[in-house]
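Reading through the structure tokens given below for one structure.
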Amino acid sequence: MTSNSVIAVADVAKSYGSTPVLRGVSLDLAVGEVLVIIGRSGSGKSTLLRCINGLEPFQSGSITVADITVTPKTAKGNELRQTVGMIFQSFNLFPHMTATENVTLAPRKLKKMTREQAKAEAAALLEKVGLSHRAHAYPGQLSGGEQQRVAIARALAMHPKVMLFDEPTSSLDPETVGSVLTVMRQLAQEGMSMIVVTHEMSFARDVADRVIFVDEGVIVEEGPPEQVLRAPAHERTQVFLRSILGESAARKSPLPDAFEVTSHDS
Amino acid sequence: MMTHASQLSDYAPLLYQGAKVTLKLTVLALVFGSVLGLIAGLARSSATWWLRLPAMAFIGTFRSIPILLQLFFAYYALPLLFKIDVPQYAAATLALSVYCGAYMAEVIRSAVESVDQGQRAGAMALGLGRVRMFVYVIWPQAVRVAIPAGVGVFVMTLKDSSLASVIGYLELTGTGLAVREIDPASGSFSVLVGVGAIYFLFAWVISFGGQLAERRLRIPGMIQERPRPAMTAA
């Protein structure tokens with residue numbers, strides 16, 4: 001782990017029974033870096049995220065986040081998870097709590113913040129994700145995009161050193177995807193260290209510092225987005241991108257063209 | 001000759017006494033049963049085998065044996081086995097509590113297990129430990145699921161408390177039966193109708209309480225997952 005990295009994954013292997021999911025994965029995440037992981041479903045990318053914040057045990061290797069090291073033999077799950085913010089495909093907001101209560105729960109119980117302090121901070125975070133007006137709404141009263149933004153505010157309330165996003169927009173209606181991606185872009189601009197598993201190639205192209213293609217539990221290819229997305233060296237990456245681009249072509253945004261016209265002033 | 005109405009009013013004080021006994025027996029059984037059910041239900045859904053197996057044995061045993069036999073066992077067998085004095089009220093309370101607890105355990109287990117796995121992941125990801133996760137995230141959702149079925153167990157316990165009459169405990173049913181026996185001249189079912197009405201009233205109060213709790217705990221915007229069938233199978 002180099003001195004400026006916030007995550008160091010070293011040769012992590014995991015299997016469910018006799019089915020290997022991760023077969024020796026190593027990666028570093030620098031402070032402030034945005035890493036996008038792409039790959040087909042079942043390739044192990046979500047499992048990797050869940051290992052990084054201790055939601056899943058693994059069989060060998062080690063994972064270091066900030067100054068907490070987790071190996072198969074150590075149990076520092078809660079400590080680790082308080083350092084890492086995690087966003088799920090299915091939001092996982094607590095349905096019996098308002099947006100504000102969702103955001104304040106962990107700081108109040110774990111950081112022993114007073115209700116007023118936590119509320120003030122929650123108000124600031126909800127404003128940051130553009131949901132001040134929905135502070136007292138319950139998750140069931142919010143759209144998918146709004147729920148996901150509350151989930152981001154909830155994770156930020158613990159002041160994580162790194163944020164993990166596990167397909168954050170995959171279960172959203174197309175019209176609400178943008179609002180979530182906007183918040184994520186903003187976080188990236190503020191210097192948050194992030195690992196994002198996503199199929200949103202435009203986000204990968206515009207925001208990622210580095211893109212990793214994972215297949216069958218190993219990192220097949222990694223590099224800057226222009227290289228991995230436009231000129232992948234490996235055939236497996238090419239096949240995967242072609243299948244993804246087939247979809248985006250249908251939505252009239254073929255990736256190579258999009259590269260040409262993208263302006264970086266936004 | 002006494003009129004129909006005056007007969008009932010003659011027995012009213014006795015029925016009132018019986019109703020008080022039934023109420024006491026039922027409330028005690030519900031309190032003990034709920035505590036037992038909570039402990040056994042949580043142990044039953046635990047991943048730890050030495051918690052899970054005893055809970056499974058407890059639930060399996062006391063749900064499978066008729067409450068009538070359990071009452072006999074508590075009243076006649078326990079004194080022989082342990083050389084202790086078991087008065088009727090103790091035997092009835094014990095048997096009914098354990099019976100209620102075994103049913104309650106399954107209600108609580110299924111309610112806890114019905115909470116979406118994503119909720120556990122969400123709570124874990126925030127760094128809430130197991131206890132906080134349960135107290136603040138899982139239980140508030142599980143209890144809402146448990147209320148309708150829990151009300152059913154409560155009403156069942158109330159009605160089954162009538163079986164305590166077979167060990168000679170003079171609760172409401174026992175009182176009603178005794179009145180008919182002592183005074184065959186009454187010759188009617190009016191006493192039993194009165195007894196039935198009192199059970200109905202108690203059961204209604206329990207159900208109403210459950211409905212109030214459900215309404216109070218309803219989450220705004222949450223889709224009610226229980227379908228409302230047009231016709232209920234009785």
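Each chain of the structure tokens is named A, B, ... in the order shown, its residues numbered from 1; ligands are numbered from 1 in display order.
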Note to self: Quick check: residues of chain B within 12 Å of chain A, only C-alpha atoms, returned as a VMD selection string.
What the structure shows: chain B and resid 115 to 133 135 to 144 217 to 224
Just-selected residues, N, CA and C atoms written as a CSV table (one decimal), in the first residue's frame:
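The resulting file, again_28.csv, is reproduced below:
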chain,number,residue,atom,x,y,z
B,115,VAL,N,-38.2,-9.6,7.2
B,115,VAL,CA,-37.5,-8.3,6.9
B,115,VAL,C,-36.4,-8.5,5.8
B,116,ASP,N,-36.5,-7.7,4.8
B,116,ASP,CA,-35.6,-7.8,3.6
B,116,ASP,C,-34.2,-7.9,4.0
B,117,GLN,N,-33.4,-8.8,3.4
B,117,GLN,CA,-32.0,-9.0,3.6
B,117,GLN,C,-31.2,-7.7,3.4
B,118,GLY,N,-31.7,-6.9,2.4
B,118,GLY,CA,-31.1,-5.6,2.1
B,118,GLY,C,-31.0,-4.7,3.3
B,119,GLN,N,-32.0,-4.8,4.2
B,119,GLN,CA,-32.0,-4.0,5.4
B,119,GLN,C,-30.8,-4.3,6.3
B,120,ARG,N,-30.5,-5.6,6.4
B,120,ARG,CA,-29.4,-6.0,7.2
B,120,ARG,C,-28.1,-5.5,6.5
B,121,ALA,N,-28.0,-5.6,5.2
B,121,ALA,CA,-26.8,-5.1,4.5
B,121,ALA,C,-26.7,-3.6,4.7
B,122,GLY,N,-27.8,-2.9,4.6
B,122,GLY,CA,-27.8,-1.4,4.8
B,122,GLY,C,-27.3,-1.0,6.2
B,123,ALA,N,-27.8,-1.7,7.2
B,123,ALA,CA,-27.5,-1.4,8.5
B,123,ALA,C,-26.0,-1.8,8.8
B,124,MET,N,-25.6,-2.9,8.3
B,124,MET,CA,-24.2,-3.4,8.5
B,124,MET,C,-23.3,-2.4,7.8
B,125,ALA,N,-23.6,-1.9,6.6
B,125,ALA,CA,-22.7,-1.0,5.9
B,125,ALA,C,-22.5,0.3,6.6
B,126,LEU,N,-23.5,0.7,7.5
B,126,LEU,CA,-23.3,1.9,8.2
B,126,LEU,C,-22.4,1.6,9.4
B,127,GLY,N,-22.1,0.4,9.7
B,127,GLY,CA,-21.3,0.0,10.9
B,127,GLY,C,-22.1,-0.2,12.2
B,128,LEU,N,-23.4,-0.3,12.0
B,128,LEU,CA,-24.2,-0.6,13.2
B,128,LEU,C,-23.9,-2.1,13.5
B,129,GLY,N,-23.7,-2.4,14.8
B,129,GLY,CA,-23.4,-3.7,15.2
B,129,GLY,C,-24.7,-4.6,15.2
B,130,ARG,N,-24.6,-5.8,15.5
B,130,ARG,CA,-25.7,-6.7,15.5
B,130,ARG,C,-26.9,-6.2,16.4
B,131,VAL,N,-26.5,-5.8,17.6
B,131,VAL,CA,-27.6,-5.4,18.5
B,131,VAL,C,-28.3,-4.1,18.0
B,132,ARG,N,-27.5,-3.1,17.7
B,132,ARG,CA,-28.2,-1.9,17.2
B,132,ARG,C,-29.0,-2.1,15.9
B,133,MET,N,-28.4,-3.0,15.0
B,133,MET,CA,-29.1,-3.3,13.8
B,133,MET,C,-30.5,-3.9,14.2
B,135,VAL,N,-32.2,-3.7,17.1
B,135,VAL,CA,-33.1,-2.8,17.8
B,135,VAL,C,-33.7,-1.7,17.0
B,136,TYR,N,-32.9,-1.1,16.1
B,136,TYR,CA,-33.3,0.1,15.4
B,136,TYR,C,-33.8,-0.2,14.0
B,137,VAL,N,-33.4,-1.3,13.4
B,137,VAL,CA,-33.7,-1.5,12.0
B,137,VAL,C,-34.6,-2.7,11.8
B,138,ILE,N,-34.2,-3.9,12.3
B,138,ILE,CA,-35.0,-5.1,12.1
B,138,ILE,C,-36.3,-5.2,12.9
B,139,TRP,N,-36.2,-5.0,14.2
B,139,TRP,CA,-37.3,-5.2,15.1
B,139,TRP,C,-38.5,-4.2,14.7
B,140,PRO,N,-38.2,-2.9,14.5
B,140,PRO,CA,-39.4,-2.1,14.2
B,140,PRO,C,-40.1,-2.5,13.0
B,141,GLN,N,-39.4,-3.1,12.1
B,141,GLN,CA,-40.1,-3.6,10.9
B,141,GLN,C,-40.8,-5.0,11.1
B,142,ALA,N,-40.1,-5.8,11.9
B,142,ALA,CA,-40.7,-7.2,12.2
B,142,ALA,C,-42.0,-7.0,13.0
B,143,VAL,N,-42.0,-6.1,14.0
B,143,VAL,CA,-43.1,-6.1,14.9
B,143,VAL,C,-44.4,-5.7,14.1
B,144,ARG,N,-44.2,-4.9,13.1
B,144,ARG,CA,-45.4,-4.5,12.2
B,144,ARG,C,-45.9,-5.7,11.5
B,217,LEU,N,-48.8,2.2,13.8
B,217,LEU,CA,-47.5,1.9,13.3
B,217,LEU,C,-47.4,1.9,11.8
B,218,ARG,N,-48.5,2.3,11.1
B,218,ARG,CA,-48.5,2.2,9.6
B,218,ARG,C,-47.5,3.3,9.1
B,219,ILE,N,-46.7,2.8,8.1
B,219,ILE,CA,-45.6,3.7,7.6
B,219,ILE,C,-46.2,4.5,6.4
B,220,PRO,N,-46.1,5.8,6.4
B,220,PRO,CA,-46.6,6.6,5.3
B,220,PRO,C,-45.9,6.2,4.0
B,221,GLY,N,-46.6,6.0,3.0
B,221,GLY,CA,-46.0,5.7,1.7
B,221,GLY,C,-45.7,4.2,1.4
B,222,MET,N,-45.7,3.5,2.5
B,222,MET,CA,-45.3,2.0,2.4
B,222,MET,C,-46.5,1.3,1.8
B,223,ILE,N,-46.2,0.5,0.8
B,223,ILE,CA,-47.2,-0.4,0.2
B,223,ILE,C,-47.6,-1.5,1.2
B,224,GLN,N,-48.9,-1.6,1.5
B,224,GLN,CA,-49.3,-2.6,2.4
B,224,GLN,C,-49.2,-3.9,1.7
Next item on the list: Per DSSP on the backbone, filter range 66-184 of chain A down to the residues in alpha helix (DSSP H) and report them as a ChimeraX atom specification.
Entry: /A:77-83,99-110,115-128,144-156,174-184
The selected residues should be written to file as a PDB file, in the first residue's frame (atoms: C-alpha atoms).
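Saved as part.pdb:
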ATOM      1  CA  GLY A  77     -16.087  -5.487  10.392  1.00  0.00           C
ATOM      2  CA  ASN A  78     -17.835  -2.642  12.179  1.00  0.00           C
ATOM      3  CA  GLU A  79     -14.717  -0.490  12.392  1.00  0.00           C
ATOM      4  CA  LEU A  80     -14.121  -1.045   8.678  1.00  0.00           C
ATOM      5  CA  ARG A  81     -17.717  -0.363   7.711  1.00  0.00           C
ATOM      6  CA  GLN A  82     -17.775   2.921   9.611  1.00  0.00           C
ATOM      7  CA  THR A  83     -14.849   4.058   7.479  1.00  0.00           C
ATOM      8  CA  ALA A  99     -35.150  10.705   5.149  1.00  0.00           C
ATOM      9  CA  THR A 100     -33.731  12.729   8.044  1.00  0.00           C
ATOM     10  CA  GLU A 101     -34.000   9.804  10.468  1.00  0.00           C
ATOM     11  CA  ASN A 102     -32.258   7.537   7.961  1.00  0.00           C
ATOM     12  CA  VAL A 103     -29.379   9.993   7.778  1.00  0.00           C
ATOM     13  CA  THR A 104     -29.122  10.668  11.520  1.00  0.00           C
ATOM     14  CA  LEU A 105     -29.392   7.101  12.854  1.00  0.00           C
ATOM     15  CA  ALA A 106     -25.774   6.000  12.506  1.00  0.00           C
ATOM     16  CA  PRO A 107     -24.163   9.299  13.639  1.00  0.00           C
ATOM     17  CA  ARG A 108     -26.407   9.429  16.691  1.00  0.00           C
ATOM     18  CA  LYS A 109     -25.846   5.832  17.726  1.00  0.00           C
ATOM     19  CA  LEU A 110     -22.215   5.374  16.698  1.00  0.00           C
ATOM     20  CA  ARG A 115     -30.080  14.781  18.031  1.00  0.00           C
ATOM     21  CA  GLU A 116     -29.652  18.491  17.203  1.00  0.00           C
ATOM     22  CA  GLN A 117     -26.127  18.117  15.860  1.00  0.00           C
ATOM     23  CA  ALA A 118     -27.078  15.100  13.797  1.00  0.00           C
ATOM     24  CA  LYS A 119     -30.186  16.856  12.478  1.00  0.00           C
ATOM     25  CA  ALA A 120     -28.233  19.927  11.477  1.00  0.00           C
ATOM     26  CA  GLU A 121     -25.734  17.805   9.635  1.00  0.00           C
ATOM     27  CA  ALA A 122     -28.480  15.751   8.005  1.00  0.00           C
ATOM     28  CA  ALA A 123     -30.121  18.950   6.785  1.00  0.00           C
ATOM     29  CA  ALA A 124     -26.834  20.028   5.191  1.00  0.00           C
ATOM     30  CA  LEU A 125     -26.315  16.623   3.575  1.00  0.00           C
ATOM     31  CA  LEU A 126     -29.869  16.435   2.252  1.00  0.00           C
ATOM     32  CA  GLU A 127     -29.409  19.891   0.782  1.00  0.00           C
ATOM     33  CA  LYS A 128     -26.201  18.709  -0.839  1.00  0.00           C
ATOM     34  CA  GLY A 144     -36.028   5.657  -6.756  1.00  0.00           C
ATOM     35  CA  GLY A 145     -33.615   8.442  -7.615  1.00  0.00           C
ATOM     36  CA  GLU A 146     -34.585  10.373  -4.484  1.00  0.00           C
ATOM     37  CA  GLN A 147     -34.160   7.268  -2.345  1.00  0.00           C
ATOM     38  CA  GLN A 148     -30.718   6.660  -3.757  1.00  0.00           C
ATOM     39  CA  ARG A 149     -29.715  10.259  -3.035  1.00  0.00           C
ATOM     40  CA  VAL A 150     -30.936   9.882   0.558  1.00  0.00           C
ATOM     41  CA  ALA A 151     -28.819   6.708   0.733  1.00  0.00           C
ATOM     42  CA  ILE A 152     -25.803   8.722  -0.398  1.00  0.00           C
ATOM     43  CA  ALA A 153     -26.504  11.379   2.256  1.00  0.00           C
ATOM     44  CA  ARG A 154     -26.884   8.623   4.853  1.00  0.00           C
ATOM     45  CA  ALA A 155     -23.505   7.132   3.943  1.00  0.00           C
ATOM     46  CA  LEU A 156     -21.814  10.558   3.925  1.00  0.00           C
ATOM     47  CA  PRO A 174     -34.135   6.283 -16.774  1.00  0.00           C
ATOM     48  CA  GLU A 175     -35.418   9.758 -15.902  1.00  0.00           C
ATOM     49  CA  THR A 176     -34.048   9.626 -12.352  1.00  0.00           C
ATOM     50  CA  VAL A 177     -30.624   8.180 -13.210  1.00  0.00           C
ATOM     51  CA  GLY A 178     -29.269  11.630 -14.023  1.00  0.00           C
ATOM     52  CA  SER A 179     -29.993  13.093 -10.584  1.00  0.00           C
ATOM     53  CA  VAL A 180     -27.990  10.345  -8.896  1.00  0.00           C
ATOM     54  CA  LEU A 181     -25.093  10.570 -11.347  1.00  0.00           C
ATOM     55  CA  THR A 182     -24.993  14.333 -10.824  1.00  0.00           C
ATOM     56  CA  VAL A 183     -24.537  13.873  -7.082  1.00  0.00           C
ATOM     57  CA  MET A 184     -21.819  11.290  -7.726  1.00  0.00           C
TER      58      MET A 184
END
Note to self: Could you list, as a VMD selection string, every residue within 6 Å of range 8-23 of chain A, counting only C-alpha atoms and ignoring same-chain residues fewer than 3 positions away?
What the structure shows: chain A and resid 1 26 to 28 44 58 to 64 217 to 218
Hey, what's within 9 Å of Ser161 in chain B if we count only C-alpha atoms and toss same-chain stuff fewer than 2 positions away? As a PDB file with N, CA and C atoms, in the first residue's frame, please?
ATOM      1  N   THR B  22     -60.469 -15.429  34.458  1.00  0.00           N
ATOM      2  CA  THR B  22     -60.052 -15.653  33.064  1.00  0.00           C
ATOM      3  C   THR B  22     -59.160 -14.517  32.564  1.00  0.00           C
ATOM      4  N   LEU B  25     -55.752 -14.880  34.217  1.00  0.00           N
ATOM      5  CA  LEU B  25     -55.040 -16.025  33.626  1.00  0.00           C
ATOM      6  C   LEU B  25     -54.542 -15.683  32.217  1.00  0.00           C
ATOM      7  N   THR B  26     -55.413 -15.078  31.432  1.00  0.00           N
ATOM      8  CA  THR B  26     -55.059 -14.771  30.045  1.00  0.00           C
ATOM      9  C   THR B  26     -53.950 -13.724  29.977  1.00  0.00           C
ATOM     10  N   ALA B  29     -50.701 -15.254  30.940  1.00  0.00           N
ATOM     11  CA  ALA B  29     -50.220 -16.165  29.893  1.00  0.00           C
ATOM     12  C   ALA B  29     -49.711 -15.382  28.686  1.00  0.00           C
ATOM     13  N   ALA B  92     -52.424 -23.895  35.401  1.00  0.00           N
ATOM     14  CA  ALA B  92     -53.096 -23.288  34.250  1.00  0.00           C
ATOM     15  C   ALA B  92     -52.221 -22.202  33.632  1.00  0.00           C
ATOM     16  N   THR B  93     -51.643 -21.334  34.468  1.00  0.00           N
ATOM     17  CA  THR B  93     -50.798 -20.248  33.957  1.00  0.00           C
ATOM     18  C   THR B  93     -49.583 -20.813  33.235  1.00  0.00           C
ATOM     19  N   LEU B  96     -50.597 -22.638  29.867  1.00  0.00           N
ATOM     20  CA  LEU B  96     -51.081 -21.691  28.863  1.00  0.00           C
ATOM     21  C   LEU B  96     -49.953 -20.772  28.375  1.00  0.00           C
ATOM     22  N   MET B 156     -56.479 -16.844  20.488  1.00  0.00           N
ATOM     23  CA  MET B 156     -56.459 -18.297  20.697  1.00  0.00           C
ATOM     24  C   MET B 156     -56.162 -18.621  22.160  1.00  0.00           C
ATOM     25  N   THR B 157     -55.200 -17.899  22.741  1.00  0.00           N
ATOM     26  CA  THR B 157     -54.844 -18.146  24.134  1.00  0.00           C
ATOM     27  C   THR B 157     -56.019 -17.832  25.052  1.00  0.00           C
ATOM     28  N   LEU B 158     -56.687 -16.726  24.759  1.00  0.00           N
ATOM     29  CA  LEU B 158     -57.870 -16.364  25.552  1.00  0.00           C
ATOM     30  C   LEU B 158     -58.892 -17.504  25.543  1.00  0.00           C
ATOM     31  N   LYS B 159     -59.192 -18.006  24.347  1.00  0.00           N
ATOM     32  CA  LYS B 159     -60.213 -19.048  24.240  1.00  0.00           C
ATOM     33  C   LYS B 159     -59.746 -20.354  24.881  1.00  0.00           C
ATOM     34  N   LEU B 163     -60.028 -24.163  28.781  1.00  0.00           N
ATOM     35  CA  LEU B 163     -59.735 -25.570  29.041  1.00  0.00           C
ATOM     36  C   LEU B 163     -59.203 -25.792  30.454  1.00  0.00           C
ATOM     37  N   ALA B 164     -58.755 -24.710  31.096  1.00  0.00           N
ATOM     38  CA  ALA B 164     -58.279 -24.848  32.473  1.00  0.00           C
ATOM     39  C   ALA B 164     -59.390 -25.348  33.393  1.00  0.00           C
ATOM     40  N   SER B 165     -60.615 -25.266  32.920  1.00  0.00           N
ATOM     41  CA  SER B 165     -61.725 -25.760  33.728  1.00  0.00           C
ATOM     42  C   SER B 165     -61.623 -27.271  33.972  1.00  0.00           C
ATOM     43  N   GLU B 171     -62.325 -20.697  36.328  1.00  0.00           N
ATOM     44  CA  GLU B 171     -62.297 -19.472  35.537  1.00  0.00           C
ATOM     45  C   GLU B 171     -63.679 -19.306  34.918  1.00  0.00           C
ATOM     46  N   LEU B 172     -63.798 -18.535  33.889  1.00  0.00           N
ATOM     47  CA  LEU B 172     -65.120 -18.183  33.365  1.00  0.00           C
ATOM     48  C   LEU B 172     -65.924 -19.404  32.906  1.00  0.00           C
ATOM     49  N   THR B 173     -65.317 -20.242  32.076  1.00  0.00           N
ATOM     50  CA  THR B 173     -66.037 -21.417  31.583  1.00  0.00           C
ATOM     51  C   THR B 173     -66.370 -22.379  32.728  1.00  0.00           C
TER      52      THR B 173
END
Checklist line | For Leu71 in chain B: contacts at 7 Å, only C-alpha atoms, fewer than 2 positions along chain excluded, given as number ranges by chain | finding: B: 67-69, 73-75, 91-92, 95, 164
Next item on the list: To one decimal in Å, tell me the separation between CA of Val145 in chain B and CA of Phe208 in chain B.
Entry: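 According to the coordinates, CA of Val145 in chain B and CA of Phe208 in chain B are separated by 16.6 Å.
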Check: Between B:Asp160, B:Ala19, B:Ala105, B:Gly41, which is the closest to Pro66 in chain B once you count only C-alpha atoms?
Finding: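 Smallest distance to Pro66 in chain B is found for B:Asp160.
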Checklist line | Using only C-alpha atoms: which of A:Ile7, A:Arg236, A:Arg230, A:Asp215 has the shortest distance to Leu35 in chain A | finding: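 Selected residue with least distance to Leu35 in chain A: A:Ile7.
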Next item on the list: Take CA of Gly32 in chain A and CA of Leu49 in chain A and report the distance between them in Å, one decimal.
Entry: 17.4 Å
Note to self: Could you check the closest approach to Lys45 in chain A for each of A:Leu229, A:Leu164, A:Ile244, A:Val214 and tell me which residue wins, using only C-alpha atoms?
What the structure shows: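 Going through A:Leu229, A:Leu164, A:Ile244, A:Val214 one by one, the smallest distance to Lys45 in chain A is for A:Val214.
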Check: Which distance in Å separates CA of Val36 in chain A and CA of Glu222 in chain A, to one decimal?
Finding: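 Computing it gives 9.7 Å between the two atoms.
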Next item on the list: Would you list the contacts of Val155 in chain B as a list in words, taking every protein, DNA or RNA residue within 9 Å and counting only C-alpha atoms, but skipping same-chain residues closer than 5 positions in sequence?
Entry: Gly150, Asp160, Phe202, Ala203, Trp204, Ile206 and Ser207 of chain B
